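Peer 1: Sending over run_14.cif (mmCIF, C-alpha atoms).
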```cif
data_run
#
loop_
_atom_site.label_atom_id
_atom_site.label_comp_id
_atom_site.auth_asym_id
_atom_site.auth_seq_id
_atom_site.Cartn_x
_atom_site.Cartn_y
_atom_site.Cartn_z
CA MET A 177 -23.68 6.83 -31.78
CA MET A 178 -20.60 7.29 -29.64
CA LEU A 179 -20.80 6.34 -25.96
CA GLU A 180 -20.76 9.34 -23.61
CA VAL A 181 -19.51 9.42 -20.03
CA ASN A 182 -19.84 12.13 -17.39
CA CYS A 183 -17.41 13.33 -14.72
CA ARG A 184 -18.84 10.99 -12.07
CA GLU A 185 -18.24 7.91 -14.23
CA VAL A 186 -14.77 9.04 -15.28
CA ILE A 187 -13.64 9.70 -11.72
CA THR A 188 -15.32 6.59 -10.31
CA PHE A 189 -13.66 4.32 -12.88
CA LEU A 190 -10.39 6.23 -13.19
CA ILE A 191 -8.43 3.28 -11.83
CA ASP A 192 -9.72 1.07 -14.66
CA TYR A 193 -8.59 3.72 -17.14
CA LEU A 194 -5.12 3.85 -15.58
CA ASN A 195 -4.92 0.04 -15.45
CA ASP A 196 -5.84 -0.21 -19.15
CA GLU A 197 -8.88 -2.27 -18.20
CA LEU A 198 -11.55 -0.37 -20.15
CA GLN A 199 -13.26 -1.83 -23.20
CA PRO A 200 -12.24 0.02 -26.42
CA GLU A 201 -15.55 1.88 -26.78
CA ARG A 202 -15.47 3.02 -23.16
CA LEU A 203 -11.79 3.96 -23.43
CA ALA A 204 -12.60 6.16 -26.43
CA ALA A 205 -15.40 7.82 -24.43
CA PHE A 206 -13.00 8.51 -21.55
CA GLU A 207 -10.40 10.00 -23.93
CA GLU A 208 -13.09 12.16 -25.51
CA HIS A 209 -14.19 13.36 -22.07
CA PHE A 210 -10.64 14.19 -20.97
CA GLY A 211 -10.25 16.22 -24.18
CA GLU A 212 -13.27 18.32 -23.31
CA CYS A 213 -13.32 18.52 -19.50
CA ASP A 214 -10.69 20.68 -17.77
CA SER A 215 -11.82 19.46 -14.34
CA CYS A 216 -11.42 15.74 -15.07
CA ARG A 217 -8.10 16.34 -16.82
CA ALA A 218 -6.89 18.20 -13.73
CA TYR A 219 -8.24 15.42 -11.51
CA LEU A 220 -6.37 12.76 -13.50
CA ARG A 221 -3.06 14.65 -13.32
CA SER A 222 -3.36 15.43 -9.63
CA TYR A 223 -4.35 11.81 -8.87
CA ARG A 224 -1.13 10.66 -10.55
CA GLU A 225 0.91 13.31 -8.73
CA ALA A 226 -0.56 12.23 -5.37
CA ILE A 227 0.66 8.67 -6.03
CA ARG A 228 4.13 9.97 -6.89
CA MET A 229 4.20 12.08 -3.75
CA ALA A 230 3.29 9.08 -1.60
CA ARG A 231 5.96 6.98 -3.30
CA GLN A 232 8.68 9.56 -2.78
CA THR A 233 7.69 10.40 0.78
CA LEU A 234 7.62 6.77 1.90
CA ALA A 235 10.85 5.76 0.18
CA VAL A 236 12.89 4.04 2.88
CA PRO A 237 16.66 3.65 2.67
CA PRO A 238 17.79 0.13 1.79
CA ILE A 239 18.34 -2.03 4.84
CA GLN A 240 22.06 -2.63 5.30
CA SER A 241 23.11 -6.27 5.50
CA ALA A 242 24.81 -5.77 8.90
CA GLU A 243 21.58 -4.34 10.35
CA SER A 244 19.50 -7.09 8.77
CA GLU A 245 21.85 -9.79 10.14
CA GLN A 246 21.69 -8.30 13.62
CA ILE A 247 17.89 -8.15 13.61
CA ALA A 248 17.59 -11.66 12.16
CA SER A 249 19.91 -13.03 14.88
CA ALA A 250 17.84 -11.36 17.61
CA ILE A 251 14.65 -12.79 16.11
CA LEU A 252 16.13 -16.29 15.91
CA LEU A 253 17.12 -16.06 19.56
CA ALA A 254 13.57 -15.03 20.50
CA VAL A 255 12.08 -17.81 18.39
CA ARG A 256 14.37 -20.43 20.00
CA ARG A 257 13.34 -19.19 23.45
CA GLU A 258 9.72 -19.44 22.36
CA GLY A 259 10.31 -22.96 21.03
CA LYS A 260 11.58 -24.11 24.44
CA LYS A 261 8.44 -22.93 26.27
CA MET B 1045 7.58 -9.07 -4.13
CA THR B 1046 10.85 -10.76 -3.31
CA ALA B 1047 11.27 -13.99 -5.23
CA THR B 1048 13.69 -15.81 -3.02
CA PHE B 1049 13.10 -19.27 -4.46
CA GLY B 1050 12.05 -20.82 -7.74
CA ASP B 1051 8.86 -22.91 -7.62
CA ALA B 1052 10.63 -26.28 -7.27
CA SER B 1053 13.19 -25.11 -4.76
CA GLU B 1054 10.46 -23.31 -2.77
CA ALA B 1055 8.46 -26.56 -2.54
CA ALA B 1056 11.56 -28.41 -1.31
CA PHE B 1057 12.34 -25.63 1.14
CA VAL B 1058 8.78 -25.63 2.52
CA THR B 1059 9.06 -29.39 3.06
CA ARG B 1060 12.19 -28.81 5.16
CA LEU B 1061 10.45 -26.04 7.09
CA ARG B 1062 7.42 -28.19 7.82
CA ALA B 1063 9.69 -30.99 8.98
CA GLY B 1064 11.02 -28.56 11.58
CA GLU B 1065 14.62 -28.37 10.30
CA PRO B 1066 16.31 -25.59 12.33
CA ASP B 1067 18.65 -24.65 9.45
CA ALA B 1068 15.69 -24.11 7.16
CA PHE B 1069 13.97 -21.81 9.63
CA GLU B 1070 17.19 -19.84 10.14
CA GLN B 1071 17.53 -19.44 6.37
CA LEU B 1072 13.91 -18.28 6.20
CA VAL B 1073 14.46 -15.58 8.82
CA ARG B 1074 17.73 -14.38 7.30
CA ASN B 1075 16.37 -14.29 3.72
CA TYR B 1076 13.09 -12.59 4.48
CA THR B 1077 14.09 -10.14 7.22
CA PRO B 1078 15.04 -7.29 4.78
CA PRO B 1079 11.85 -7.21 2.65
CA LEU B 1080 9.51 -7.88 5.56
CA LEU B 1081 11.21 -5.32 7.80
CA ARG B 1082 10.80 -2.73 5.04
CA VAL B 1083 7.05 -3.39 4.86
CA ALA B 1084 6.70 -3.23 8.65
CA ARG B 1085 8.65 0.05 8.79
CA ARG B 1086 6.46 1.62 6.13
CA LEU B 1087 3.28 0.49 7.86
CA LEU B 1088 4.33 1.54 11.33
CA GLY B 1089 6.70 4.46 10.65
CA ASN B 1090 8.74 3.44 13.68
CA ASP B 1091 11.86 1.23 13.67
CA ASP B 1092 11.41 -0.29 17.14
CA GLU B 1093 7.78 -1.20 16.54
CA ALA B 1094 8.66 -2.60 13.12
CA ARG B 1095 11.29 -4.89 14.69
CA ASP B 1096 8.78 -6.01 17.32
CA ALA B 1097 6.13 -6.70 14.67
CA LEU B 1098 8.61 -8.70 12.62
CA GLN B 1099 9.62 -10.75 15.66
CA ASP B 1100 5.96 -11.40 16.54
CA ALA B 1101 5.39 -12.45 12.94
CA PHE B 1102 8.29 -14.91 12.82
CA ILE B 1103 7.23 -16.45 16.16
CA SER B 1104 3.76 -16.90 14.68
CA VAL B 1105 5.29 -18.44 11.55
CA PHE B 1106 7.42 -20.80 13.66
CA ARG B 1107 4.29 -22.00 15.50
CA SER B 1108 2.15 -22.42 12.39
CA ILE B 1109 4.55 -23.44 9.61
CA ARG B 1110 3.16 -26.98 9.66
CA ASN B 1111 -0.23 -25.54 8.65
CA PHE B 1112 1.21 -23.66 5.69
CA GLU B 1113 -0.73 -24.66 2.59
CA ALA B 1114 1.23 -25.20 -0.59
CA GLY B 1115 -1.48 -23.38 -2.59
CA SER B 1116 -0.08 -20.06 -1.41
CA ARG B 1117 3.39 -18.71 -2.16
CA LEU B 1118 5.65 -18.62 0.87
CA SER B 1119 6.48 -14.95 0.33
CA THR B 1120 2.79 -13.99 0.12
CA TRP B 1121 2.01 -15.92 3.31
CA LEU B 1122 4.92 -14.29 5.17
CA HIS B 1123 3.81 -10.84 4.05
CA ARG B 1124 0.31 -11.61 5.28
CA VAL B 1125 1.60 -12.59 8.74
CA VAL B 1126 3.78 -9.45 8.97
CA VAL B 1127 1.01 -7.12 7.79
CA ASN B 1128 -1.34 -8.60 10.40
CA ALA B 1129 1.29 -8.21 13.15
CA ALA B 1130 1.83 -4.57 12.12
CA LEU B 1131 -1.92 -3.88 12.01
CA MET B 1132 -2.25 -5.31 15.53
CA LYS B 1133 0.40 -2.84 16.72
CA LEU B 1134 -1.37 0.03 14.96
CA ARG B 1135 -4.66 -0.85 16.65
CA THR B 1136 -2.99 -0.98 20.06
CA ARG B 1137 -1.30 2.37 19.44
CA ARG B 1138 -4.35 4.27 18.15
CA ARG B 1139 -5.84 6.76 20.58
CA HIS B 1140 -8.58 8.14 18.35
CA PRO B 1141 -11.20 6.40 16.23
CA GLU B 1142 -10.26 6.06 12.58
CA GLU B 1143 -11.56 8.72 10.20
CA GLU B 1144 -14.21 7.77 7.66
CA ILE B 1145 -12.74 7.62 4.15
CA GLU B 1146 -16.00 8.93 2.66
CA LYS B 1147 -15.28 12.48 3.82
CA TYR B 1148 -12.28 12.57 1.44
CA LEU B 1149 -14.05 11.22 -1.64
CA PRO B 1150 -15.22 13.57 -4.44
CA LEU B 1151 -18.86 14.68 -4.47
CA PHE B 1152 -20.99 15.08 -7.57
CA GLN B 1153 -24.02 17.07 -8.63
CA GLU B 1154 -27.08 15.30 -9.97
CA ASP B 1155 -25.88 15.89 -13.55
CA GLY B 1156 -22.60 14.10 -12.78
CA HIS B 1157 -20.30 17.14 -12.55
CA GLN B 1158 -18.02 17.50 -9.55
CA ILE B 1159 -19.46 19.84 -6.90
CA VAL B 1160 -16.01 21.39 -6.50
CA PRO B 1161 -14.35 21.33 -9.95
CA SER B 1162 -10.74 20.17 -9.96
CA VAL B 1163 -7.99 22.55 -11.02
CA GLU B 1164 -4.42 21.84 -12.11
CA TRP B 1165 -1.85 21.59 -9.35
CA MET B 1166 0.68 24.38 -9.51
CA GLU B 1167 3.84 22.34 -9.16
CA SER B 1168 5.21 18.84 -9.59
CA ALA B 1169 5.58 16.25 -6.84
CA GLU B 1170 9.37 16.66 -6.93
CA THR B 1171 9.28 20.44 -6.51
CA ALA B 1172 6.65 20.35 -3.77
CA LEU B 1173 8.50 17.67 -1.81
CA GLN B 1174 11.61 19.83 -1.59
CA ARG B 1175 9.74 21.64 1.19
CA LYS B 1176 9.79 19.94 4.58
CA GLU B 1177 6.23 20.97 5.45
CA MET B 1178 4.97 19.35 2.24
CA ARG B 1179 6.73 16.06 3.06
CA GLN B 1180 5.15 16.23 6.50
CA LEU B 1181 1.73 16.95 4.98
CA VAL B 1182 1.95 13.88 2.72
CA ARG B 1183 3.01 11.71 5.65
CA THR B 1184 0.15 13.01 7.80
CA ALA B 1185 -2.33 12.49 4.96
CA ILE B 1186 -1.22 8.87 4.54
CA ASP B 1187 -1.32 8.27 8.31
CA ARG B 1188 -4.87 9.65 8.39
CA LEU B 1189 -6.14 6.97 6.00
CA PRO B 1190 -8.02 4.13 7.70
CA ASP B 1191 -5.68 1.12 8.19
CA THR B 1192 -7.40 -1.07 5.61
CA TYR B 1193 -6.96 1.63 2.95
CA ARG B 1194 -3.43 2.69 3.91
CA THR B 1195 -2.28 -0.93 3.83
CA VAL B 1196 -3.54 -1.41 0.27
CA LEU B 1197 -1.88 1.85 -0.82
CA LEU B 1198 1.42 0.74 0.72
CA LEU B 1199 1.38 -2.72 -0.78
CA ARG B 1200 0.27 -1.63 -4.26
CA ASP B 1201 1.77 1.81 -4.82
CA ILE B 1202 4.82 1.73 -2.59
CA GLU B 1203 5.82 -1.95 -2.46
CA GLU B 1204 4.56 -2.27 -6.06
CA MET B 1205 2.85 -5.61 -5.53
CA SER B 1206 0.15 -6.71 -7.96
CA THR B 1207 -3.54 -6.36 -7.12
CA ALA B 1208 -3.79 -10.17 -6.90
CA GLU B 1209 -0.87 -10.42 -4.43
CA THR B 1210 -2.24 -7.54 -2.36
CA ALA B 1211 -5.67 -9.16 -2.25
CA GLU B 1212 -4.20 -12.49 -1.17
CA ILE B 1213 -2.07 -10.91 1.56
CA LEU B 1214 -5.10 -9.09 2.95
CA GLY B 1215 -7.53 -11.99 2.45
CA ILE B 1216 -9.88 -9.91 0.29
CA SER B 1217 -11.08 -10.12 -3.34
CA THR B 1218 -9.15 -8.40 -6.12
CA THR B 1219 -12.20 -6.20 -6.73
CA ALA B 1220 -12.15 -5.06 -3.10
CA ALA B 1221 -8.39 -4.44 -3.26
CA LYS B 1222 -8.80 -2.31 -6.38
CA LEU B 1223 -11.67 -0.33 -4.89
CA ARG B 1224 -9.75 0.31 -1.67
CA LEU B 1225 -6.68 1.41 -3.61
CA HIS B 1226 -8.71 3.87 -5.69
CA ARG B 1227 -10.37 5.32 -2.60
CA ALA B 1228 -7.08 5.57 -0.74
CA ARG B 1229 -5.50 7.45 -3.65
CA GLN B 1230 -8.55 9.73 -3.92
CA ALA B 1231 -8.47 10.46 -0.20
CA LEU B 1232 -4.76 11.25 -0.38
CA ARG B 1233 -5.32 13.53 -3.37
CA THR B 1234 -8.18 15.35 -1.61
CA GLN B 1235 -6.02 16.02 1.44
CA LEU B 1236 -3.13 17.40 -0.63
CA ASP B 1237 -5.33 19.41 -2.99
CA PRO B 1238 -5.77 22.61 -0.93
CA GLN B 1239 -1.98 23.04 -0.66
CA MET B 1240 -1.14 21.90 -4.17
CA ARG B 1241 -3.73 23.94 -6.03
CA GLY B 1242 -2.53 27.13 -4.39
CA SER B 1243 1.18 26.42 -3.99
CA ARG B 1244 4.21 27.82 -5.80
#
```
Mind turning this structure into structure tokens?
Peer 2:
Amino acid sequence: MMLEVNCREVITFLIDYLNDELQPERLAAFEEHFGECDSCRAYLRSYREAIRMARQTLAVPPIQSAESEQIASAILLAVRREGKK
Amino acid sequence: MTATFGDASEAAFVTRLRAGEPDAFEQLVRNYTPPLLRVARRLLGNDDEARDALQDAFISVFRSIRNFEAGSRLSTWLHRVVVNAALMKLRTRRRHPEEEIEKYLPLFQEDGHQIVPSVEWMESAETALQRKEMRQLVRTAIDRLPDTYRTVLLLRDIEEMSTAETAEILGISTTAAKLRLHRARQALRTQLDPQMRGSR
């Protein structure tokens, strides 16, 4: 008999599904559930979209080498001062 | 994570650092300032505070480099020191108690169904983020996550570190790192859901 999973199990272990960490029988049960359950399918898609939204919102521009050099020099100065204490 | 050295050259470099060679420490600061500054900026959302946190972190590294254990990668250890320095700043800055993550997690009926069924979001991330208020909403939702959850989300989903690296940086098990990441993503999704299910 095929393993069955409910919405609670699917949502609780969604990260294992996305990480490809489910055993084959359990993976098949998850796929079966997603095929039948509109709510869990919507949850999966919106979960993925939320990650993409976080990624895009927190994208920071690359740090320019001149800026990095200036900050590194200031830090080295502070560390040398600290070393003399 | 930035791989600045190969294994053999990293071991040789660490030996020079532990011997207190000034050139080695200068090279360390110059090589690692860009990736570590990026992490601090994402955690703190403020350039001045990120610079301060990075400086605090390098001073701490300078004082403790002799205690660095070869079992850990240098990059992982440096990230750990910077993340801790940034978390200290966040704690100092916070005026309100952190919210409980549980209030943003899905609830289920006894039979296992969600109490509030999920519905498809009406638009893609790209389309939604063209609106300024949506970008602000995402930022606020991330800021509202408790520090321990937001940090895992940043390291895993934004910095794209592995679960094992994230766990080592935070000094927690990989199971705990995975659980925190899942909850952080769920809490973020829950906060965006009211806007996204009705938007277009």
Peer 1: Can you translate the PyMOL selection byres ((chain B) within 7 of (chain A)) into the concrete residues it hits in this file, as an MDAnalysis selection string?
Peer 2: chainID B and resid 1070 1073:1074 1077:1078 1086 1099 1103 1152 1156:1158 1161:1165 1169 1179 1182:1183 1201:1202 1226 1229:1230 1232:1233
Peer 1: Kindly export the residues of the current selection with C-alpha atoms, as a compact mmCIF listing (two decimals), in the frame of the given file.
Peer 2:
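result.txt, freshly written:
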```
# COMPACT_ATOMS: atom_id res chain seq x y z
CA GLU B 1070 17.19 -19.84 10.14
CA VAL B 1073 14.46 -15.58 8.82
CA ARG B 1074 17.73 -14.38 7.30
CA THR B 1077 14.09 -10.14 7.22
CA PRO B 1078 15.04 -7.29 4.78
CA ARG B 1086 6.46 1.62 6.13
CA GLN B 1099 9.62 -10.75 15.66
CA ILE B 1103 7.23 -16.45 16.16
CA PHE B 1152 -20.99 15.08 -7.57
CA GLY B 1156 -22.60 14.10 -12.78
CA HIS B 1157 -20.30 17.14 -12.55
CA GLN B 1158 -18.02 17.50 -9.55
CA PRO B 1161 -14.35 21.33 -9.95
CA SER B 1162 -10.74 20.17 -9.96
CA VAL B 1163 -7.99 22.55 -11.02
CA GLU B 1164 -4.42 21.84 -12.11
CA TRP B 1165 -1.85 21.59 -9.35
CA ALA B 1169 5.58 16.25 -6.84
CA ARG B 1179 6.73 16.06 3.06
CA VAL B 1182 1.95 13.88 2.72
CA ARG B 1183 3.01 11.71 5.65
CA ASP B 1201 1.77 1.81 -4.82
CA ILE B 1202 4.82 1.73 -2.59
CA HIS B 1226 -8.71 3.87 -5.69
CA ARG B 1229 -5.50 7.45 -3.65
CA GLN B 1230 -8.55 9.73 -3.92
CA LEU B 1232 -4.76 11.25 -0.38
CA ARG B 1233 -5.32 13.53 -3.37
```
Peer 1: Do you have the atom CA of B:Arg1135-atom CA of B:Thr1219 distance handy?
Peer 2: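 Interatomic distance here is 25.1 Å.
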Peer 1: Any idea what the distance is between atom CA of B:Arg1137 and atom CA of B:Leu1122?
Peer 2: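 Atom-to-atom, atom CA of B:Arg1137 and atom CA of B:Leu1122 are spaced 22.8 Å apart.
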Peer 1: Take every atom of stretch 196-210 of chain A listed in the file, fit an axis-aligned box around them, add 6 Å per side, and give the centre and edge lengths in Å to one decimal as JSON.
Peer 2:
```
{"center_x": -10.7, "center_y": 6.0, "center_z": -22.5, "size_x": 21.7, "size_y": 28.5, "size_z": 20.6}
```
Peer 1: To one decimal in Å, tell me the separation between atom CA of B:Pro1079 and atom CA of B:Tyr1193.
Peer 2: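 So the answer is 20.8 Å.
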Peer 1: Nearest residue to A:Glu212 out of A:Lys260, A:Glu180, A:Asp196, A:Ala242, using all atoms listed in the file?
Peer 2: A:Glu180
Peer 1: If we count all atoms listed in the file and set the cut-off at 8 Å, which residues sit around B:Arg1110, ignoring sequence neighbours fewer than 2 positions away in its own chain? Please answer as a PyMOL selection string.
Peer 2: chain B and resi 1061-1063+1107-1108+1112
Peer 1: Quick one: apply the PyMOL selection byres ((chain B and resi 1097) around 8) to the file and drop the selected residues here as a PyMOL selection string.
Peer 2: chain B and resi 1084+1093-1096+1098-1101+1126+1129-1130+1133
Peer 1: Print the selection's residues with C-alpha atoms to a file, as an mmCIF file, in the coordinates of the input.
Peer 2:
```cif
data_model
loop_
_atom_site.group_PDB
_atom_site.id
_atom_site.type_symbol
_atom_site.label_atom_id
_atom_site.label_comp_id
_atom_site.auth_asym_id
_atom_site.auth_seq_id
_atom_site.Cartn_x
_atom_site.Cartn_y
_atom_site.Cartn_z
ATOM 1 C CA ALA B 1084 6.700 -3.230 8.650
ATOM 2 C CA GLU B 1093 7.780 -1.200 16.540
ATOM 3 C CA ALA B 1094 8.660 -2.600 13.120
ATOM 4 C CA ARG B 1095 11.290 -4.890 14.690
ATOM 5 C CA ASP B 1096 8.780 -6.010 17.320
ATOM 6 C CA LEU B 1098 8.610 -8.700 12.620
ATOM 7 C CA GLN B 1099 9.620 -10.750 15.660
ATOM 8 C CA ASP B 1100 5.960 -11.400 16.540
ATOM 9 C CA ALA B 1101 5.390 -12.450 12.940
ATOM 10 C CA VAL B 1126 3.780 -9.450 8.970
ATOM 11 C CA ALA B 1129 1.290 -8.210 13.150
ATOM 12 C CA ALA B 1130 1.830 -4.570 12.120
ATOM 13 C CA LYS B 1133 0.400 -2.840 16.720
#
```
Peer 1: Translate the PyMOL selection byres ((chain A and resi 206) around 9), as applied to the file shown, into an explicit residue set as an NGL selection string.
Peer 2: :A and (180-182 or 186 or 193 or 201-205 or 207-211)
